[in-house]
Amino acid sequence: MTKTLPLPLPDLASPRDMPEAAMAMLDAHGTVVAWTQAAQHLVGYSAAEVVGRSGAPVMPLPQHALRSSAFTGEFCAQGGWSGLVAVCHRDGRTLDVALRISPLWGQGGQSRWLVSVTDCGTLSAGTMGQPVRESLLARTPIGIAVHDLQLRCTWVNDDMERHDGIPRDQRFGHRLTEFLPAFEAEALEVVMRQVLESDTTMIHEYRAWPPMNRRRERAFSSSFFCLQDADGTPLGVCSMTMDATGNRQARERLAILSEASTRIGSTLDVMQTGQELAELAVPLLADHALVDLVESVWLGVERSPRADTTNGRPPLLRRAGLASIDRGVLKFPWAREEVIRPFPTSLFATALRTGRSHLESVLDTDAGPWVQQDPVRTQKMRESGIHSLMVVPIRARRSVLGLALFGRSETQKPFQEEDLLLAEELVNRAALCLDNALQYARERSAALTLQRDLLPHHVQGGAAVDVASRYVPADMAHGVGGDWFDVIELSGTRVALVVGDVVGHGINAAATMGRLRTAVRTLADLDMPADELLARLDDTVRRLNDEDGDVCDEVPTEVGATCLYAVYDPASRRCTMARAGHPPPLIIDPTGRVTIPDLPAGTPLGLGLGLVPFESVELELPEGSLLAFYSDGLVESRDHDLDVGMNRLGAALAQPGSSLEELCSQVINTLPPQSPPDDVTLLLARTRALEPAQVASWELPNEPAAVPTARRLVSLQLREWGLEHLVTKMELIVSELVTNAVHHGDGPSRIRLIRHHFLTCEVSDSHTGHPRPRHPLNLDENGRGLYLVAQLSRRWGSRSAADGKVVWAEQDLPATAVAA
């Protein structure tokens with residue numbers, strides 16, 4: 001007994017999901033007239049065993065389907081039948097299969113059945129026997145056509161006409177090349193010949209434009225089967241065609257979106273992200289694409305949701321990306337970074353204001369207000385041939401960041417609603433990347449601004465050194481670091497040279513750098529020796545760590561830093577330096593020979609290793625020696641060892657006769673073209689030496705008579721230098737300083753006068769205690785000497801020396817004296 005049950009036919013997800021169906025063609029009486037190899041594989045009967053015989057023993061069909069009148073009755077009106085039947089295998093087994101019965105029409109009104117098995121074992125035996133009266137062929141229409149050995153159409157069903165709009169009477173006796181585009185028809189016929197020659201099932205996808213709607217492209221998927229007679233000889237080719245437009249578009253959309261996830265947002269550069277969006281859209285979605293960003297976004301400033309609403313004018317835009325399949329279009333006035341001024345009444349301004357997309361499926365370049373408002377671009381658009389346009393706002397966090405414009409000129413099909421949905425999805429993905437880039441750019445801009453404000457804007461070495469510097473911030477991916485450098489003029493024409501690097505990146509590193517630079521300047525003003533200064537700085541960093549650890553609502557971050565500190569004295573040409581984990585300096589003598597001083601490395605600051613003292617080294621340098629201080633970002637790289645970077649730096653600096661600015665540029669030019677992963681800092685200092693005539697010194701015994709002797713010696717020297725107007729002041733200053741040296745010291749004292757940009761008087765003695773001003777009472781006879789020195793001097797101070805201390809005071813010099 002035959003049991004039947006209708007089956008819901010699944011939608012086609014992919015052309016390759018269409019099974020290799022077992023098929024048989026029956027005449028109006030149920031006699032098998034053609035057979036396929038797939039049918040033989042399914043039921044075990046060869047073509048010789050079934051062709052010319054009734055199909056009932058093999059595939060018992062519903063009884064009303066075997067009546068010839070069925071083609072004109074209800075069964076025919078339903079367009080066929082689909083259900084589950086029990087098929088008898090040659091070996092006696094029974095197979096439950098999904099069967100589809102489709103009526104075919106031939107020339108002269110002839111009719112036949114095409115019986116196809118599409119699935120096996122889809123329902124359990126418990127479901128067999130349930131009544132069915134529903135045909136789902138109308139819900140999943142499959143066009144069927146049979147072509148003879150000359151590829152002429154001989155049989156066709158009604159659904160084929162629904163696919164392409166070609167009446168069946170116009171098909172009979174004709175090949176596909178007579179009513180399909182030549183390219184697609186030839187491709188289909190190639191597949192059909194291969195099926196006839198190899199007797200295998202093949203699948204082919206093609207596109208067509210049905211006559212009823214030439215503007216709407218359709219995608220079809222066809223499966224081709226070879227029909228055989230009783231001898232196994234090919235009779236023709238049967239094709240089963242399904243409209244796969246929706247599935248094809250879904251696959252294409254998924255492919256484009258997948259491509260977007262890898263190609264858009266590769267960097268944190270908003271302009272690069274805009275260009276990536278334009279290049280992805282062409283040609284996958286459009287023939288031309290433009291991406292314009294609000295100028296504040298281009299500048300790295302987040303745009304307020306209420307921006308540009310008070311004056312009624314749309315914001316200025318900057319062209320961030322453009323792409324076209326026609327390179328000639330790119331020659332139009334649509335350059336990157338061009339300023340775009342949307343007209344208030346244009347659809348572009350409307351999209352910016354409302355945040356809603358606009359689809360101009362058929363673009364009219366001869367009418368509309370924007371034609372008169374922007375005649376130049378209107379003319380260029382006419383010349384480009386753009387006939388369809390989409391305008392999609394780029395939105396992120398309730399703000400419109402810009403616009404994306406997509407146009408078609410070469411592609412004849414205009415944009416449809418589904419294209420707009422895809423464009424909006426692409427733009428939304430780009431908007432996320434742009435927003436991330438904008439947020440990072442704001443943070444990086446703040447860190448750069450902070451760092452540049454904290455770094456010295458202009459460095460000068462006074463009478464001691466000529467200096468030049470370079471600072472290159474890290475790339476966008478790594479963020480701004482905490483590198484710093486400084487040149488600090490000290491007393492006695494000496495100068496301090498500093499370079500340091502805070503561990504980490506971002507605004508916190510920049511802020512920490514500023515704190516450490518201030519601390520170094522404060523300690524340098526105390527004229528501390530290099531090793532002692534680093535020890536004090538280490539204490540400062542550890543205190544910062546302790547303070548940060550006390551903050552309960554934040555994750556504590558350990559502050560670490562490296563530093564190199566050097567002091568150069570042009571009077572003695574001696575340089576004292578110490579380092580705390582920082583790369584050593586390079587010294588290039590006047591002949592171009594490069595050396596690296598044997599300077600103890602020291603431990604980085606803030607590691608809690610204060611028990612290990614820092615060590616300093618003192619070197620005597622020839623006049624004109626070049627000192628190179630740098631951060632590790634200049635010499636370190638993942639691609640090579642540190643020695644390679646040091647050698648490269650030394651080779652770039654070993655250029656006698658080059659100016660410091662030229663040397664800085666040469667060093668920076670040796671870096672890779674892309675932005676460095678870490679900050680690059682370079683400080684160059686070329687040493688000077690004071691002339692003997694600029695320095696005068698005397699040693700005095702530790703006795704009261706030394707005071708008038710000192711006044712006399714200083715007075716004579718000042719007159720020799722032509723500084724008679726300073727004699728009275730300097731005699732008073734020297735009297736007070738020498739008196740203190742005699743009173744507190746236990747050995748000889750020394751006076752040194754230095755004439756450079758200022759006049760400096762230094763008095764050194766063996767006493768290690770530093771003088772401190774005190775507040776004398778009204779009747780006190782002593783205690784006012786340092787107040788007098790402070791009043792008479794430009795500035796004054798004291799510093800430690802190897803065998804005691806040095807107290808110094810400075811006087812301004814007239815311009816003529818400085819020049820001399």
# chains A, B, ... in the order shown; residues from 1 in each chain; ligands from 1
call {"tool": "select_by_dssp", "arguments": {"residues": "segment 578-777 of chain A", "states": "helix (DSSP H, G or I)", "output": "MDAnalysis selection string"}}
result
chainID A and resid 632:634 642:653 660:669 692:694 706:720 724:744
call {"tool": "residues_around", "arguments": {"residues": "segment 281-291 of chain A", "least_positions_apart": "5", "cutoff": "8 Å", "atoms": "only C-alpha atoms", "output": "ChimeraX atom specification"}}
result
/A:256,274-275,319-326,402-411,419,423
call {"tool": "closest_residue", "arguments": {"among": "A:Gln416, A:Thr562, A:Gln170, A:Gln194", "to": "Pro604 of chain A", "atoms": "only C-alpha atoms"}}
result
A:Thr562
call {"tool": "residues_around", "arguments": {"residues": "His743 of chain A", "least_positions_apart": "4", "cutoff": "12 Å", "atoms": "only C-alpha atoms", "output": "PyMOL selection string"}}
result
chain A and resi 701-704+706-707+735-739+747-749+765-767+771
call {"tool": "residues_around", "arguments": {"residues": "His204 of chain A", "least_positions_apart": "5", "cutoff": "8 Å", "atoms": "only C-alpha atoms", "output": "MDAnalysis selection string"}}
result
chainID A and resid 15 188 191 221:223
call {"tool": "residues_around", "arguments": {"residues": "segment 98-113 of chain A", "least_positions_apart": "4", "cutoff": "7 Å", "atoms": "only C-alpha atoms", "output": "ChimeraX atom specification"}}
result
/A:25-28,79-85,117-120,154-157,172
call {"tool": "residues_around", "arguments": {"residues": "segment 709-726 of chain A", "least_positions_apart": "6", "cutoff": "8 Å", "atoms": "only C-alpha atoms", "output": "MDAnalysis selection string"}}
result
chainID A and resid 696 700 732 734:735 738 751 753 817
call {"tool": "residues_around", "arguments": {"residues": "segment 31-40 of chain A", "least_positions_apart": "5", "cutoff": "8 Å", "atoms": "only C-alpha atoms", "output": "list in words"}}
result
Glu20, Ala21, Ala22, Met23, Ala24, Met25, Leu26, Tyr45, Ser46, Ala47, Val50, Val51, Gly52, Arg53, Ser54, Gly55, Asp199, Phe225, Cys226, Leu227, Gln228, Asp229, Ala230 and Leu235 of chain A
call {"tool": "write_last_selection", "arguments": {"atoms": "C-alpha atoms", "output": "PDB file, in the first residue's frame"}}
result
ATOM      1  CA  GLU A  20      21.968  15.048  -6.869  1.00  0.00           C
ATOM      2  CA  ALA A  21      18.355  14.038  -7.454  1.00  0.00           C
ATOM      3  CA  ALA A  22      17.290  10.685  -8.801  1.00  0.00           C
ATOM      4  CA  MET A  23      14.970  11.409 -11.743  1.00  0.00           C
ATOM      5  CA  ALA A  24      12.578   9.707 -14.057  1.00  0.00           C
ATOM      6  CA  MET A  25      10.443  11.112 -16.865  1.00  0.00           C
ATOM      7  CA  LEU A  26       7.028   9.507 -17.312  1.00  0.00           C
ATOM      8  CA  TYR A  45      17.287  -0.657 -11.387  1.00  0.00           C
ATOM      9  CA  SER A  46      19.126   0.173 -14.592  1.00  0.00           C
ATOM     10  CA  ALA A  47      17.601   2.172 -17.427  1.00  0.00           C
ATOM     11  CA  VAL A  50      12.543   0.452 -16.242  1.00  0.00           C
ATOM     12  CA  VAL A  51      12.430   2.514 -19.450  1.00  0.00           C
ATOM     13  CA  GLY A  52       9.373   1.551 -21.485  1.00  0.00           C
ATOM     14  CA  ARG A  53       7.650   0.029 -18.468  1.00  0.00           C
ATOM     15  CA  SER A  54       5.262   1.406 -15.863  1.00  0.00           C
ATOM     16  CA  GLY A  55       6.930   3.185 -12.976  1.00  0.00           C
ATOM     17  CA  ASP A 199      26.683  11.668 -17.456  1.00  0.00           C
ATOM     18  CA  PHE A 225      21.003  15.908 -15.133  1.00  0.00           C
ATOM     19  CA  CYS A 226      21.516  13.569 -18.069  1.00  0.00           C
ATOM     20  CA  LEU A 227      18.368  11.637 -19.137  1.00  0.00           C
ATOM     21  CA  GLN A 228      18.961   8.156 -20.639  1.00  0.00           C
ATOM     22  CA  ASP A 229      16.885   5.759 -22.696  1.00  0.00           C
ATOM     23  CA  ALA A 230      16.689   1.979 -22.238  1.00  0.00           C
ATOM     24  CA  LEU A 235      18.341  11.495 -24.597  1.00  0.00           C
TER      25      LEU A 235
END
call {"tool": "closest_residue", "arguments": {"among": "A:Thr595, A:Ser491, A:Thr449, A:Thr603", "to": "Ala535 of chain A", "atoms": "only C-alpha atoms"}}
result
A:Thr603
call {"tool": "atom_distance", "arguments": {"atom1": "atom CA of Arg162 of chain A", "atom2": "atom CA of Ala187 of chain A"}}
result
21.7 Å
call {"tool": "closest_residue", "arguments": {"among": "A:Gly500, A:Leu149, A:Ile340, A:Ala578", "to": "Met513 of chain A", "atoms": "only C-alpha atoms"}}
result
A:Gly500
call {"tool": "atom_distance", "arguments": {"atom1": "atom CA of Thr687 of chain A", "atom2": "atom CA of Glu662 of chain A"}}
result
16.8 Å
call {"tool": "closest_residue", "arguments": {"among": "A:Ser388, A:Thr262, A:Thr522, A:Thr354", "to": "Ala430 of chain A", "atoms": "only C-alpha atoms"}}
result
A:Thr262
call {"tool": "select_by_dssp", "arguments": {"residues": "segment 584-757 of chain A", "states": "strand (DSSP E)", "output": "ChimeraX atom specification"}}
result
/A:586-588,594-595,616-620,626-630,680-687,695-700,749-755
call {"tool": "closest_residue", "arguments": {"among": "A:Pro708, A:Pro672, A:Gly482, A:Gly769", "to": "Gly645 of chain A", "atoms": "only C-alpha atoms"}}
result
A:Pro672
call {"tool": "decode", "arguments": {"residues": "segment 755-766 of chain A", "atoms": "all heavy atoms", "output": "compact mmCIF listing (two decimals), in the first residue's frame"}}
result
# COMPACT_ATOMS: atom_id res chain seq x y z
N ARG A 755 84.61 85.54 33.75
CA ARG A 755 83.88 86.50 32.91
C ARG A 755 83.35 85.77 31.69
O ARG A 755 84.11 85.32 30.83
CB ARG A 755 84.83 87.64 32.49
CG ARG A 755 84.13 88.69 31.60
CD ARG A 755 85.07 89.87 31.34
NE ARG A 755 86.27 89.45 30.63
CZ ARG A 755 86.35 89.37 29.28
NH1 ARG A 755 85.32 89.69 28.53
NH2 ARG A 755 87.49 89.00 28.71
N HIS A 756 82.04 85.63 31.61
CA HIS A 756 81.39 85.00 30.44
C HIS A 756 80.14 85.82 30.17
O HIS A 756 80.23 87.03 29.98
CB HIS A 756 81.10 83.51 30.72
CG HIS A 756 80.30 83.26 31.97
ND1 HIS A 756 78.98 82.92 31.96
CD2 HIS A 756 80.67 83.35 33.27
CE1 HIS A 756 78.56 82.78 33.21
NE2 HIS A 756 79.56 83.03 34.02
N HIS A 757 78.95 85.18 30.14
CA HIS A 757 77.73 85.95 29.98
C HIS A 757 77.44 86.79 31.23
O HIS A 757 76.71 87.78 31.16
CB HIS A 757 76.55 85.03 29.68
CG HIS A 757 76.70 84.26 28.40
ND1 HIS A 757 77.17 82.99 28.34
CD2 HIS A 757 76.48 84.64 27.11
CE1 HIS A 757 77.22 82.58 27.10
NE2 HIS A 757 76.80 83.57 26.32
N PHE A 758 77.97 86.32 32.34
CA PHE A 758 77.86 87.05 33.60
C PHE A 758 79.25 87.10 34.22
O PHE A 758 80.18 86.42 33.78
CB PHE A 758 76.89 86.36 34.56
CG PHE A 758 75.58 86.00 33.95
CD1 PHE A 758 75.30 84.69 33.57
CD2 PHE A 758 74.61 86.97 33.74
CE1 PHE A 758 74.10 84.36 33.00
CE2 PHE A 758 73.40 86.64 33.17
CZ PHE A 758 73.13 85.34 32.79
N LEU A 759 79.36 87.87 35.25
CA LEU A 759 80.58 87.88 36.04
C LEU A 759 80.31 87.04 37.29
O LEU A 759 79.41 87.37 38.07
CB LEU A 759 80.99 89.30 36.44
CG LEU A 759 82.21 89.40 37.36
CD1 LEU A 759 83.47 88.89 36.65
CD2 LEU A 759 82.39 90.83 37.84
N THR A 760 81.08 85.98 37.46
CA THR A 760 80.88 85.08 38.60
C THR A 760 82.09 85.15 39.52
O THR A 760 83.25 85.07 39.07
CB THR A 760 80.69 83.63 38.11
OG1 THR A 760 79.58 83.57 37.21
CG2 THR A 760 80.42 82.71 39.29
N CYS A 761 81.81 85.28 40.81
CA CYS A 761 82.85 85.26 41.83
C CYS A 761 82.62 84.03 42.70
O CYS A 761 81.53 83.86 43.27
CB CYS A 761 82.79 86.54 42.67
SG CYS A 761 83.96 86.53 44.06
N GLU A 762 83.62 83.15 42.79
CA GLU A 762 83.53 81.95 43.59
C GLU A 762 84.59 81.98 44.69
O GLU A 762 85.76 82.30 44.44
CB GLU A 762 83.76 80.70 42.73
CG GLU A 762 82.73 80.49 41.64
CD GLU A 762 83.01 79.26 40.79
OE1 GLU A 762 84.15 78.73 40.88
OE2 GLU A 762 82.12 78.84 40.05
N VAL A 763 84.17 81.64 45.89
CA VAL A 763 85.09 81.53 47.03
C VAL A 763 84.91 80.13 47.61
O VAL A 763 83.81 79.77 48.04
CB VAL A 763 84.80 82.60 48.10
CG1 VAL A 763 85.72 82.40 49.31
CG2 VAL A 763 84.97 84.00 47.52
N SER A 764 85.99 79.35 47.59
CA SER A 764 85.94 77.97 48.10
C SER A 764 86.77 77.86 49.36
O SER A 764 87.80 78.54 49.52
CB SER A 764 86.44 77.01 47.04
OG SER A 764 87.75 77.34 46.63
N ASP A 765 86.33 77.00 50.26
CA ASP A 765 87.07 76.73 51.49
C ASP A 765 86.88 75.29 51.87
O ASP A 765 86.14 74.53 51.21
CB ASP A 765 86.63 77.68 52.61
CG ASP A 765 85.15 77.55 52.93
OD1 ASP A 765 84.70 76.42 53.21
OD2 ASP A 765 84.44 78.58 52.90
N SER A 766 87.50 74.88 52.98
CA SER A 766 87.48 73.48 53.39
C SER A 766 86.29 73.13 54.27
O SER A 766 86.12 71.96 54.63
CB SER A 766 88.79 73.15 54.15
OG SER A 766 88.92 74.00 55.30
